[in-house]
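*Asks:* Input file: upload-v9.pdb. Contents: PDB, C-alpha atoms.
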```pdb
ATOM      1  CA  MET A   1      82.605 125.680 111.601
ATOM      2  CA  ASN A   2      79.277 126.631 113.177
ATOM      3  CA  ARG A   3      78.096 124.269 115.838
ATOM      4  CA  LEU A   4      74.626 122.813 115.447
ATOM      5  CA  SER A   5      73.808 123.814 118.995
ATOM      6  CA  GLN A   6      75.407 123.906 122.396
ATOM      7  CA  SER A   7      73.559 120.879 123.705
ATOM      8  CA  ARG A   8      75.506 117.846 124.811
ATOM      9  CA  TRP A   9      74.222 115.555 122.078
ATOM     10  CA  ALA A  10      74.941 118.103 119.378
ATOM     11  CA  GLN A  11      78.500 118.368 120.646
ATOM     12  CA  TYR A  12      78.837 114.584 120.600
ATOM     13  CA  TRP A  13      77.503 114.589 117.041
ATOM     14  CA  ASP A  14      79.979 117.225 115.903
ATOM     15  CA  THR A  15      82.846 115.492 117.675
ATOM     16  CA  PHE A  16      82.066 112.181 116.001
ATOM     17  CA  TRP A  17      81.674 113.497 112.460
ATOM     18  CA  PHE A  18      83.712 116.692 112.303
ATOM     19  CA  THR A  19      86.745 116.431 114.585
ATOM     20  CA  PRO A  20      89.592 117.959 112.541
ATOM     21  CA  THR A  21      91.980 115.356 111.150
ATOM     22  CA  SER A  22      94.711 115.265 108.539
ATOM     23  CA  PRO A  23      93.975 114.272 104.915
ATOM     24  CA  ARG A  24      96.018 111.053 105.142
ATOM     25  CA  ASN A  25      93.255 108.826 106.525
ATOM     26  CA  LEU A  26      90.888 109.958 103.779
ATOM     27  CA  ALA A  27      93.530 109.413 101.105
ATOM     28  CA  ALA A  28      94.268 105.971 102.542
ATOM     29  CA  ALA A  29      90.566 105.088 102.333
ATOM     30  CA  ARG A  30      90.595 106.090  98.664
ATOM     31  CA  ILE A  31      93.600 103.884  97.934
ATOM     32  CA  ILE A  32      92.256 100.940  99.964
ATOM     33  CA  PHE A  33      88.864 100.830  98.266
ATOM     34  CA  ALA A  34      90.256 101.467  94.801
ATOM     35  CA  ALA A  35      92.803  98.651  95.143
ATOM     36  CA  TYR A  36      90.294  96.273  96.718
ATOM     37  CA  SER A  37      87.623  96.960  94.084
ATOM     38  CA  LEU A  38      90.138  96.515  91.284
ATOM     39  CA  TRP A  39      91.158  93.159  92.766
ATOM     40  CA  VAL A  40      87.545  91.945  92.912
ATOM     41  CA  LEU A  41      86.756  93.272  89.445
ATOM     42  CA  ALA A  42      89.816  91.630  87.884
ATOM     43  CA  SER A  43      89.085  88.276  89.543
ATOM     44  CA  ARG A  44      85.666  87.945  87.908
ATOM     45  CA  GLN A  45      84.259  87.836  84.395
ATOM     46  CA  LEU A  46      81.197  89.952  85.018
ATOM     47  CA  ALA A  47      80.671  91.048  81.426
ATOM     48  CA  GLU A  48      80.392  87.464  80.205
ATOM     49  CA  VAL A  49      77.070  87.036  82.029
ATOM     50  CA  SER A  50      75.475  89.445  79.571
ATOM     51  CA  GLY A  51      76.465  87.100  76.749
ATOM     52  CA  LEU A  52      74.775  84.030  78.212
ATOM     53  CA  PRO A  53      71.752  82.577  76.380
ATOM     54  CA  LEU A  54      68.402  84.160  77.167
ATOM     55  CA  ASP A  55      67.279  81.042  79.038
ATOM     56  CA  PHE A  56      69.660  81.971  81.858
ATOM     57  CA  TRP A  57      67.909  85.333  82.169
ATOM     58  CA  SER A  58      64.389  83.930  82.233
ATOM     59  CA  ARG A  59      64.024  84.317  86.014
ATOM     60  CA  VAL A  60      65.448  87.841  86.189
ATOM     61  CA  GLY A  61      62.568  90.240  86.676
ATOM     62  CA  ALA A  62      62.130  93.523  84.861
ATOM     63  CA  SER A  63      62.557  95.489  88.083
ATOM     64  CA  ALA A  64      66.036  94.037  88.671
ATOM     65  CA  ARG A  65      67.050  94.628  85.064
ATOM     66  CA  TRP A  66      66.020  98.270  85.078
ATOM     67  CA  ARG A  67      67.270  98.897  88.602
ATOM     68  CA  TYR A  68      70.848  98.065  87.614
ATOM     69  CA  LEU A  69      70.464  98.489  83.829
ATOM     70  CA  ASP A  70      71.628  94.900  83.386
ATOM     71  CA  PHE A  71      70.324  93.313  80.201
ATOM     72  CA  PRO A  72      71.382  90.275  78.166
ATOM     73  CA  GLY A  73      72.889  90.463  74.706
ATOM     74  CA  HIS A  74      75.329  93.363  75.204
ATOM     75  CA  LEU A  75      78.597  91.501  75.665
ATOM     76  CA  SER A  76      80.844  93.972  73.827
ATOM     77  CA  LEU A  77      79.375  96.943  75.653
ATOM     78  CA  GLU A  78      79.771  95.301  79.056
ATOM     79  CA  ARG A  79      83.383  94.365  78.317
ATOM     80  CA  THR A  80      84.069  97.996  77.474
ATOM     81  CA  LEU A  81      82.454  99.131  80.717
ATOM     82  CA  VAL A  82      84.578  96.667  82.694
ATOM     83  CA  TRP A  83      87.719  98.158  81.173
ATOM     84  CA  LEU A  84      86.501 101.682  81.896
ATOM     85  CA  ALA A  85      85.786 100.720  85.501
ATOM     86  CA  GLY A  86      89.266  99.239  85.844
ATOM     87  CA  ILE A  87      90.903 102.372  84.425
ATOM     88  CA  ALA A  88      88.826 104.572  86.726
ATOM     89  CA  LEU A  89      89.860 102.496  89.750
ATOM     90  CA  VAL A  90      93.536 102.744  88.814
ATOM     91  CA  CYS A  91      93.179 106.515  88.490
ATOM     92  CA  ALA A  92      91.335 106.711  91.809
ATOM     93  CA  GLY A  93      94.040 104.788  93.623
ATOM     94  CA  ALA A  94      96.853 106.756  92.006
ATOM     95  CA  GLY A  95      95.153 110.075  92.636
ATOM     96  CA  VAL A  96      94.593 111.069  89.001
ATOM     97  CA  PHE A  97      91.436 113.194  89.106
ATOM     98  CA  PRO A  98      90.532 111.227  92.246
ATOM     99  CA  ARG A  99      87.039 112.556  92.877
ATOM    100  CA  LEU A 100      85.915 112.088  89.285
ATOM    101  CA  SER A 101      87.572 108.658  89.157
ATOM    102  CA  CYS A 102      85.823 107.552  92.353
ATOM    103  CA  PHE A 103      82.476 108.727  91.011
ATOM    104  CA  VAL A 104      82.853 107.011  87.634
ATOM    105  CA  SER A 105      84.097 103.750  89.152
ATOM    106  CA  GLY A 106      81.329 103.761  91.779
ATOM    107  CA  ILE A 107      78.596 104.208  89.162
ATOM    108  CA  LEU A 108      80.070 101.550  86.882
ATOM    109  CA  LEU A 109      80.470  99.053  89.728
ATOM    110  CA  TYR A 110      76.849  99.640  90.724
ATOM    111  CA  HIS A 111      75.948  98.481  87.228
ATOM    112  CA  LEU A 112      78.493  95.659  86.915
ATOM    113  CA  ALA A 113      78.434  94.065  90.382
ATOM    114  CA  PRO A 114      74.965  92.448  90.080
ATOM    115  CA  PHE A 115      76.096  90.437  87.047
ATOM    116  CA  GLU A 116      77.811  87.979  89.383
ATOM    117  CA  SER A 117      74.587  86.733  90.925
ATOM    118  CA  ILE A 118      71.604  88.254  89.134
ATOM    119  CA  ILE A 119      70.776  85.065  87.207
ATOM    120  CA  TRP A 120      70.741  82.728  90.215
ATOM    121  CA  ILE A 121      69.727  84.728  93.300
ATOM    122  CA  PRO A 122      67.263  87.633  93.452
ATOM    123  CA  HIS A 123      69.711  90.088  95.003
ATOM    124  CA  PRO A 124      73.372  91.010  94.366
ATOM    125  CA  TYR A 125      74.349  91.749  97.941
ATOM    126  CA  ALA A 126      77.282  90.321  99.901
ATOM    127  CA  ARG A 127      79.245  89.480  96.770
ATOM    128  CA  GLY A 128      82.244  91.702  97.495
ATOM    129  CA  LEU A 129      81.410  95.062  95.903
ATOM    130  CA  THR A 130      78.425  96.290  97.919
ATOM    131  CA  ILE A 131      80.440  98.441 100.331
ATOM    132  CA  SER A 132      82.836  99.468  97.574
ATOM    133  CA  VAL A 133      80.066 101.136  95.576
ATOM    134  CA  ILE A 134      78.794 103.342  98.390
ATOM    135  CA  ALA A 135      82.321 103.981  99.694
ATOM    136  CA  LEU A 136      83.606 105.163  96.309
ATOM    137  CA  LEU A 137      80.590 107.423  95.839
ATOM    138  CA  THR A 138      81.153 108.849  99.316
ATOM    139  CA  LEU A 139      84.792 109.536  98.465
ATOM    140  CA  ALA A 140      83.718 111.232  95.240
ATOM    141  CA  PHE A 141      81.972 113.944  97.262
ATOM    142  CA  SER A 142      84.890 114.508  99.635
ATOM    143  CA  PRO A 143      88.347 116.127  99.325
ATOM    144  CA  CYS A 144      89.981 112.704  98.962
ATOM    145  CA  GLY A 145      92.644 114.048  96.609
ATOM    146  CA  ASP A 146      94.362 116.389  99.068
ATOM    147  CA  SER A 147      97.052 113.850  99.938
ATOM    148  CA  TRP A 148      98.925 110.917  98.401
ATOM    149  CA  THR A 149      98.136 111.707  94.777
ATOM    150  CA  LEU A 150     100.244 110.936  91.736
ATOM    151  CA  LEU A 151      99.256 114.137  89.947
ATOM    152  CA  PRO A 152      98.824 116.909  92.522
ATOM    153  CA  LEU A 153      96.425 119.639  91.561
ATOM    154  CA  GLY A 154      97.662 123.160  91.022
ATOM    155  CA  ARG A 155      95.696 124.627  93.903
ATOM    156  CA  SER A 156      97.210 124.888  97.329
ATOM    157  CA  ARG A 157      96.349 122.142  99.773
ATOM    158  CA  PRO A 158      95.538 122.648 103.424
ATOM    159  CA  SER A 159      98.295 121.238 105.574
ATOM    160  CA  ALA A 160      96.414 121.675 108.833
ATOM    161  CA  PRO A 161      93.791 119.149 109.974
ATOM    162  CA  ALA A 162      90.250 119.931 108.855
ATOM    163  CA  SER A 163      86.787 118.572 109.605
ATOM    164  CA  ASP A 164      86.127 117.839 105.925
ATOM    165  CA  TYR A 165      88.597 114.956 106.133
ATOM    166  CA  THR A 166      86.732 113.251 108.985
ATOM    167  CA  TRP A 167      83.116 112.671 108.006
ATOM    168  CA  PRO A 168      83.803 110.563 104.863
ATOM    169  CA  VAL A 169      86.052 108.162 106.780
ATOM    170  CA  ARG A 170      83.538 107.952 109.619
ATOM    171  CA  LEU A 171      80.719 107.225 107.188
ATOM    172  CA  ILE A 172      82.686 104.435 105.508
ATOM    173  CA  GLN A 173      83.481 102.967 108.918
ATOM    174  CA  VAL A 174      79.760 103.015 109.716
ATOM    175  CA  PHE A 175      79.091 101.124 106.474
ATOM    176  CA  LEU A 176      81.505  98.387 107.525
ATOM    177  CA  VAL A 177      80.200  98.104 111.080
ATOM    178  CA  GLU A 178      76.640  97.803 109.765
ATOM    179  CA  ILE A 179      77.596  94.513 108.103
ATOM    180  CA  TYR A 180      78.157  92.927 111.504
ATOM    181  CA  LEU A 181      75.435  94.808 113.372
ATOM    182  CA  PHE A 182      72.683  93.830 110.943
ATOM    183  CA  ALA A 183      74.029  90.288 110.659
ATOM    184  CA  GLY A 184      73.620  89.852 114.412
ATOM    185  CA  TYR A 185      70.245  91.591 114.313
ATOM    186  CA  ALA A 186      69.001  89.288 111.531
ATOM    187  CA  LYS A 187      70.067  86.184 113.456
ATOM    188  CA  ILE A 188      68.057  87.265 116.492
ATOM    189  CA  VAL A 189      64.968  88.434 114.575
ATOM    190  CA  VAL A 190      64.728  85.549 112.102
ATOM    191  CA  VAL A 191      65.926  82.638 114.234
ATOM    192  CA  GLY A 192      65.955  83.983 117.768
ATOM    193  CA  TRP A 193      68.466  83.539 120.547
ATOM    194  CA  LYS A 194      68.482  79.811 119.844
ATOM    195  CA  TRP A 195      70.710  80.607 116.874
ATOM    196  CA  ALA A 196      73.609  80.550 119.329
ATOM    197  CA  SER A 197      72.720  77.063 120.589
ATOM    198  CA  ALA A 198      75.351  74.362 120.331
ATOM    199  CA  ALA A 199      73.094  72.200 118.142
ATOM    200  CA  ASN A 200      72.532  74.945 115.574
ATOM    201  CA  ILE A 201      76.216  75.841 115.340
ATOM    202  CA  ARG A 202      77.146  72.173 115.047
ATOM    203  CA  ASN A 203      74.682  71.657 112.187
ATOM    204  CA  TRP A 204      76.046  74.667 110.316
ATOM    205  CA  ILE A 205      79.642  73.540 110.753
ATOM    206  CA  LEU A 206      78.891  70.024 109.527
ATOM    207  CA  TYR A 207      76.971  71.360 106.539
ATOM    208  CA  CYS A 208      79.794  73.690 105.520
ATOM    209  CA  ILE A 209      82.599  71.152 105.824
ATOM    210  CA  GLU A 210      80.665  68.351 104.106
ATOM    211  CA  GLU A 211      79.247  70.388 101.215
ATOM    212  CA  ASP A 212      81.193  69.231  98.159
ATOM    213  CA  GLN A 213      80.959  72.647  96.461
ATOM    214  CA  MET A 214      82.608  74.542  99.312
ATOM    215  CA  GLY A 215      84.395  72.038 101.520
ATOM    216  CA  VAL A 216      88.156  72.687 101.473
ATOM    217  CA  PHE A 217      89.153  72.719 105.138
ATOM    218  CA  HIS A 218      87.775  69.967 107.364
ATOM    219  CA  SER A 219      89.951  69.369 110.420
ATOM    220  CA  LEU A 220      89.163  72.443 112.521
ATOM    221  CA  GLY A 221      85.437  72.301 111.795
ATOM    222  CA  ALA A 222      85.213  68.607 112.633
ATOM    223  CA  TRP A 223      87.103  69.212 115.880
ATOM    224  CA  ALA A 224      84.697  71.995 116.931
ATOM    225  CA  ALA A 225      81.577  70.078 115.866
ATOM    226  CA  ALA A 226      82.571  67.173 118.111
ATOM    227  CA  ARG A 227      82.619  69.421 121.208
ATOM    228  CA  GLN A 228      79.341  70.851 122.463
ATOM    229  CA  LEU A 229      80.973  73.467 124.666
ATOM    230  CA  ALA A 230      83.059  74.743 121.747
ATOM    231  CA  CYS A 231      79.950  75.081 119.564
ATOM    232  CA  LEU A 232      78.097  76.960 122.302
ATOM    233  CA  ALA A 233      81.051  79.300 122.815
ATOM    234  CA  LEU A 234      81.217  79.967 119.077
ATOM    235  CA  GLY A 235      77.508  80.778 118.892
ATOM    236  CA  VAL A 236      77.408  83.097 121.887
ATOM    237  CA  GLY A 237      80.723  84.684 120.966
ATOM    238  CA  THR A 238      79.558  85.394 117.423
ATOM    239  CA  LEU A 239      76.445  87.257 118.588
ATOM    240  CA  VAL A 240      78.372  89.245 121.190
ATOM    241  CA  PHE A 241      81.056  90.049 118.655
ATOM    242  CA  GLU A 242      78.684  91.150 115.884
ATOM    243  CA  LEU A 243      76.471  93.258 118.133
ATOM    244  CA  GLY A 244      79.371  94.728 120.098
ATOM    245  CA  LEU A 245      81.616  95.685 117.192
ATOM    246  CA  ILE A 246      79.843  99.034 117.017
ATOM    247  CA  MET A 247      82.134 100.134 119.854
ATOM    248  CA  VAL A 248      85.004 100.564 117.378
ATOM    249  CA  LEU A 249      83.262 103.714 116.144
ATOM    250  CA  PHE A 250      83.558 105.414 119.524
ATOM    251  CA  SER A 251      86.566 103.936 121.311
ATOM    252  CA  ARG A 252      90.193 104.037 120.225
ATOM    253  CA  ILE A 253      90.979 101.111 122.510
ATOM    254  CA  ALA A 254      88.144  99.097 120.952
ATOM    255  CA  ARG A 255      89.570  99.772 117.492
ATOM    256  CA  ARG A 256      93.013  98.597 118.515
ATOM    257  CA  VAL A 257      91.649  95.408 120.078
ATOM    258  CA  LEU A 258      88.564  94.439 118.084
ATOM    259  CA  VAL A 259      89.635  95.245 114.520
ATOM    260  CA  PRO A 260      92.568  92.772 114.587
ATOM    261  CA  LEU A 261      90.221  90.264 116.216
ATOM    262  CA  VAL A 262      87.838  90.694 113.279
ATOM    263  CA  ALA A 263      90.542  89.450 110.924
ATOM    264  CA  LEU A 264      91.241  86.470 113.197
ATOM    265  CA  PHE A 265      87.485  85.886 113.484
ATOM    266  CA  HIS A 266      87.128  85.541 109.716
ATOM    267  CA  LEU A 267      90.266  83.431 109.463
ATOM    268  CA  GLY A 268      88.725  81.017 111.957
ATOM    269  CA  ILE A 269      85.466  80.946 109.983
ATOM    270  CA  LEU A 270      87.408  80.234 106.795
ATOM    271  CA  LEU A 271      89.367  77.359 108.317
ATOM    272  CA  GLY A 272      86.431  75.984 110.304
ATOM    273  CA  MET A 273      83.469  76.521 107.967
ATOM    274  CA  ASN A 274      84.965  77.336 104.542
ATOM    275  CA  LEU A 275      83.173  80.701 104.478
ATOM    276  CA  THR A 276      85.134  83.587 102.975
ATOM    277  CA  PHE A 277      84.481  87.228 103.827
ATOM    278  CA  LEU A 278      86.034  89.291 101.054
ATOM    279  CA  ASN A 279      85.676  92.635 102.832
ATOM    280  CA  VAL A 280      88.423  91.938 105.367
ATOM    281  CA  PRO A 281      91.010  94.173 103.581
ATOM    282  CA  GLN A 282      88.587  97.081 103.883
ATOM    283  CA  LEU A 283      89.095  97.010 107.656
ATOM    284  CA  LEU A 284      92.352  98.883 107.023
ATOM    285  CA  VAL A 285      90.196 102.005 106.934
ATOM    286  CA  PHE A 286      90.147 101.826 110.747
ATOM    287  CA  ALA A 287      93.929 102.259 110.947
ATOM    288  CA  ASN A 288      95.456 105.581 111.956
ATOM    289  CA  TRP A 289      97.485 106.375 108.871
ATOM    290  CA  ASP A 290      99.087 109.425 110.457
ATOM    291  CA  VAL A 291     100.795 107.068 112.890
ATOM    292  CA  VAL A 292     101.764 104.717 110.054
ATOM    293  CA  ALA A 293     103.227 107.587 108.014
ATOM    294  CA  ALA A 294     105.179 108.872 111.018
ATOM    295  CA  TRP A 295     106.539 105.379 111.696
ATOM    296  CA  LEU A 296     107.651 104.973 108.075
ATOM    297  CA  LYS A 297     109.442 108.327 108.160
ATOM    298  CA  LYS A 298     111.247 107.483 111.393
ATOM    299  CA  PRO A 299     114.930 106.686 110.647
ATOM    300  CA  HIS A 300     116.010 103.117 111.251
ATOM    301  CA  PRO A 301     118.288 102.751 114.306
ATOM    302  CA  GLU A 302     120.998 100.956 112.343
ATOM    303  CA  VAL A 303     120.950 103.590 109.618
ATOM    304  CA  SER A 304     121.015 106.455 112.101
ATOM    305  CA  ASN A 305     123.955 104.949 114.002
ATOM    306  CA  GLN A 306     125.983 104.235 110.895
ATOM    307  CA  PRO A 307     127.341 107.812 110.447
ATOM    308  CA  HIS A 308     128.523 107.803 114.064
ATOM    309  CA  LYS A 309     130.360 104.548 113.459
ATOM    310  CA  VAL A 310     132.013 106.017 110.361
ATOM    311  CA  GLU A 311     133.033 109.081 112.334
ATOM    312  CA  GLU A 312     134.492 106.850 115.062
ATOM    313  CA  VAL A 313     136.507 104.884 112.479
ATOM    314  CA  ASN A 314     137.767 108.083 110.872
ATOM    315  CA  ALA A 315     138.691 109.495 114.278
ATOM    316  CA  SER A 316     140.606 106.325 115.173
ATOM    317  CA  ALA A 317     142.467 106.381 111.864
ATOM    318  CA  GLU A 318     143.313 110.041 112.304
ATOM    319  CA  THR A 319     144.583 109.404 115.840
ATOM    320  CA  ALA A 320     146.765 106.535 114.631
ATOM    321  CA  PHE A 321     148.162 108.685 111.826
ATOM    322  CA  VAL A 322     149.016 111.548 114.191
ATOM    323  CA  THR A 323     150.584 109.160 116.690
ATOM    324  CA  GLN A 324     152.720 107.539 114.006
ATOM    325  CA  ASN A 325     153.959 110.900 112.733
ATOM    326  CA  THR A 326     154.690 112.060 116.252
ATOM    327  CA  LEU A 327     156.750 108.974 117.013
ATOM    328  CA  GLY A 328     158.580 109.402 113.730
ATOM    329  CA  THR A 329     159.445 112.967 114.662
ATOM    330  CA  LEU A 330     160.646 112.071 118.146
ATOM    331  CA  ALA A 331     162.830 109.140 117.027
ATOM    332  CA  PRO A 332     165.920 111.200 115.985
ATOM    333  CA  MET A 333     165.897 112.981 119.353
ATOM    334  CA  ARG A 334     166.740 109.708 121.031
TER
END
```
Could you spell out this file's structure in structure tokens?
*Replies:*
Amino acid sequence: MNRLSQSRWAQYWDTFWFTPTSPRNLAAARIIFAAYSLWVLASRQLAEVSGLPLDFWSRVGASARWRYLDFPGHLSLERTLVWLAGIALVCAGAGVFPRLSCFVSGILLYHLAPFESIIWIPHPYARGLTISVIALLTLAFSPCGDSWTLLPLGRSRPSAPASDYTWPVRLIQVFLVEIYLFAGYAKIVVVGWKWASAANIRNWILYCIEEDQMGVFHSLGAWAAARQLACLALGVGTLVFELGLIMVLFSRIARRVLVPLVALFHLGILLGMNLTFLNVPQLLVFANWDVVAAWLKKPHPEVSNQPHKVEEVNASAETAFVTQNTLGTLAPMR
């Protein structure tokens, strides 16, 4: 591969995007996003929104309708598209024409995802499929089918690491980190640093645990709301965490430490504020799947020691048999 230039920043750029890696991480990203998107798609009845009475669509502007090609009165068509999207996601995860399957599913999800919220909020973001759409389209333009496919293609596959397997995974990781980076940025720009104040965090916790439409867990939130220092720590920690998570893109140690903490972070938010972040499974794209594959192929200690134990038993039995025959032969000599 030709380097952009010999300058330091160009080398950093090439190292970040094009360091040769194996195809496993890219294949794992394909499987992760296909399985996740299929789970979200199957858990919703997106097509049914098209069959709602026209009064429900009265506040949906023409720009939103044409932007996503979402229109009322096409229930049968939308149901068919949901099935096609599901089939495409299954094929993408299994590796059946993976690039074409990722492209088709990404385009269909771009059309279907806004149905969940288009009639009651002016934007369809943060509903579970935003990152999936751009991730699947990214995978469609990458060699994501060079590993872990159900139907391998007839062409030969490169076994050595290549730079083409790196940039798609990096780009998807950037998409995920942007969720936290821009969330922290929005808090500071819209509200200011006072967002992290104990009073603000306490008000949000009380609202979330007392809202009858979302209140499921109450104990942890009530405990934190009653302690000013805990609320202040949560506010400051959230801003530091969201703005600092970008380090996982550049540091292996940060990935090992911060990515598991992200899952615990959202578990705490769920139990304390009843707020669910559906994208948590997508964080598996930060895992090193070469290490996981090597660990799975490693023989289990008990299994590897079992043949030695069998050999020891056979050797003991053979020794006893020889000894018995020898004693039987020597007996008449006495």
*Asks:* Check what the PyMOL selection byres ((chain A and resi 82-86) around 8) selects in the file above and give those residues as a list in words.
*Replies:*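 This file gives the following for the PyMOL selection byres ((chain A and resi 82-86) around 8): Leu38, Leu41, Ala42, Leu46, Ala47, Glu78, Arg79, Thr80, Leu81, Ile87, Ala88, Leu89, Val90, Val104, Ser105, Leu108, Leu109 and Leu112 of chain A.
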*Asks:* Restrict the calculation to all atoms listed in the file, then for each residue of region 169-222 of chain A with any atom at most 12 Å from an atom of region 10-18 of chain A give the closest atom pair and their distance in Å to one decimal, rows by chain and rising residue number, as JSON lines.
*Replies:*
```
{"residue": "A:Val169", "atom": "CA", "partner": "A:Trp17", "partner_atom": "CA", "distance": 8.9}
{"residue": "A:Arg170", "atom": "CA", "partner": "A:Trp17", "partner_atom": "CA", "distance": 6.5}
{"residue": "A:Leu171", "atom": "CA", "partner": "A:Trp17", "partner_atom": "CA", "distance": 8.2}
{"residue": "A:Ile172", "atom": "CA", "partner": "A:Trp17", "partner_atom": "CA", "distance": 11.5}
{"residue": "A:Gln173", "atom": "CA", "partner": "A:Trp17", "partner_atom": "CA", "distance": 11.3}
{"residue": "A:Val174", "atom": "CA", "partner": "A:Trp17", "partner_atom": "CA", "distance": 11.0}
```
*Asks:* Find the residues near Leu176 (chain A): any atom within 12 Å, counting only C-alpha atoms, skip ones fewer than 4 places away on the same chain, and give them as a VMD selection string.
*Replies:* chain A and resid 126 130 to 132 134 to 135 169 to 172 180 to 183 242 245 to 246 248 to 249 259 262 279 to 286
*Asks:* Fewer than 2 positions away in the same chain doesn't count, so skip those; otherwise give me all residues within 10 Å of Trp57 (chain A), counting all atoms listed in the file, as a count of residues only.
*Replies:* 15
*Asks:* In Å, with one decimal, what is the gap from CA of Ser197 (chain A) to CA of Tyr185 (chain A)?
*Replies:*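 One can read the CA of Ser197 (chain A) to CA of Tyr185 (chain A) distance as 16.0 Å.
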*Asks:* Give me the result of the PyMOL selection byres ((chain A and resi 94) around 8) on this file, residue by residue, as a VMD selection string.
*Replies:* chain A and resid 31 90 to 93 95 to 96 98 148 to 150
*Asks:* Write the residues of the selection above to a file with C-alpha atoms, as a CSV table (one decimal), in the coordinates of the input.
*Replies:*
```csv
chain,number,residue,atom,x,y,z
A,31,ILE,CA,93.6,103.9,97.9
A,90,VAL,CA,93.5,102.7,88.8
A,91,CYS,CA,93.2,106.5,88.5
A,92,ALA,CA,91.3,106.7,91.8
A,93,GLY,CA,94.0,104.8,93.6
A,95,GLY,CA,95.2,110.1,92.6
A,96,VAL,CA,94.6,111.1,89.0
A,98,PRO,CA,90.5,111.2,92.2
A,148,TRP,CA,98.9,110.9,98.4
A,149,THR,CA,98.1,111.7,94.8
A,150,LEU,CA,100.2,110.9,91.7
```
*Asks:* With all atoms listed in the file as the atoms that count, which of A:Leu26, A:Leu275, A:Leu139, A:Ile253 lies nearest to Pro161 (chain A)?
*Replies:*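 Counting all atoms listed in the file, the residue closest to Pro161 (chain A) is A:Leu26.
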*Asks:* Find the residues near Phe265 (chain A): any atom within 10 Å, counting all atoms listed in the file, skip ones fewer than 6 places away on the same chain, and give them as a list in words.
*Replies:*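 Neighbouring residues, sequence-local ones excluded: Thr238, Phe241, Leu258 and Val259 of chain A.
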*Asks:* Mind dumping the selected residues with C-alpha atoms as a short mmCIF file (atom, residue, chain, number, x, y, z; two decimals), in the coordinates of the input?
*Replies:*
```cif
data_model
loop_
_atom_site.label_atom_id
_atom_site.label_comp_id
_atom_site.auth_asym_id
_atom_site.auth_seq_id
_atom_site.Cartn_x
_atom_site.Cartn_y
_atom_site.Cartn_z
CA THR A 238 79.56 85.39 117.42
CA PHE A 241 81.06 90.05 118.66
CA LEU A 258 88.56 94.44 118.08
CA VAL A 259 89.64 95.24 114.52
#
```
*Asks:* What's around region 211-218 of chain A at 8 Å? Count all atoms listed in the file, leave out sequence neighbours fewer than 4 positions away in its own chain, and write the answer as a count of residues only.
*Replies:* 7
*Asks:* Considering all atoms listed in the file, can you say which of A:Ala225, A:Ala62, A:Cys231, A:Leu137 comes closest to Ala34 (chain A)?
*Replies:* A:Leu137
*Asks:* Just the number, please: distance in Å from CA of Ala28 (chain A) to CA of Val133 (chain A), one decimal.
*Replies:*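 Between CA of Ala28 (chain A) and CA of Val133 (chain A) the gap works out to 16.5 Å.
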*Asks:* At what distance in Å, to one decimal, does CA of Pro23 (chain A) lie from CA of Tyr165 (chain A)?
*Replies:*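 One can read the CA of Tyr165 (chain A) to CA of Pro23 (chain A) distance as 5.6 Å.
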*Asks:* Residue by residue, what does the PyMOL selection byres ((chain A and resi 228) around 10) grab here? Present the result as a list in words.
*Replies:* Ser197, Ala198, Ala199, Ile201, Arg202, Ala224, Ala225, Ala226, Arg227, Leu229, Ala230, Cys231, Leu232, Ala233 and Leu234 of chain A
*Asks:* Here is a test: counting only C-alpha atoms, which residue of A:Arg127, A:Leu75, A:Arg252, A:Tyr68 is nearest to Asn288 (chain A)?
*Replies:* A:Arg252
*Asks:* Which residues, written as a list in words, have at least one atom at most 9 Å from Thr276 (chain A), with all atoms listed in the file counted and residues fewer than 6 positions away on the same chain left out?
*Replies:* His266, Leu267, Ile269 and Leu270 of chain A
*Asks:* Which residue, A:Ser251, A:Ser117, A:Asn203, A:Ser219, has the smallest gap to Gln45 (chain A) when you use all atoms listed in the file?
*Replies:*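 Nearest to Gln45 (chain A): A:Ser117.
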*Asks:* With all atoms listed in the file as the basis for distance, which of A:Phe97, A:Gly237, A:Val177, A:Lys187 is at the shortest distance from Leu151 (chain A)?
*Replies:*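 With all atoms listed in the file as the atom set, the closest residue is A:Phe97.
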*Asks:* Taking all atoms of region 262-270 of chain A that the file lists, what box with edges along x, y and z, padded by 3 Å per side, do you get, with centre and edge lengths in Å to one decimal, as AutoDock Vina command-line options?
*Replies:*
```
--center_x 88.4 --center_y 85.5 --center_z 110.1 --size_x 11.8 --size_y 16.5 --size_z 12.7
```
*Asks:* Calculated over all atoms listed in the file, which of the candidates A:Ala35, A:Ser101, A:Trp289, A:Ser76 has the smallest distance to Ser147 (chain A)?
*Replies:*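 Looking only at the distances to Ser147 (chain A), the closest residue turns out to be A:Trp289.
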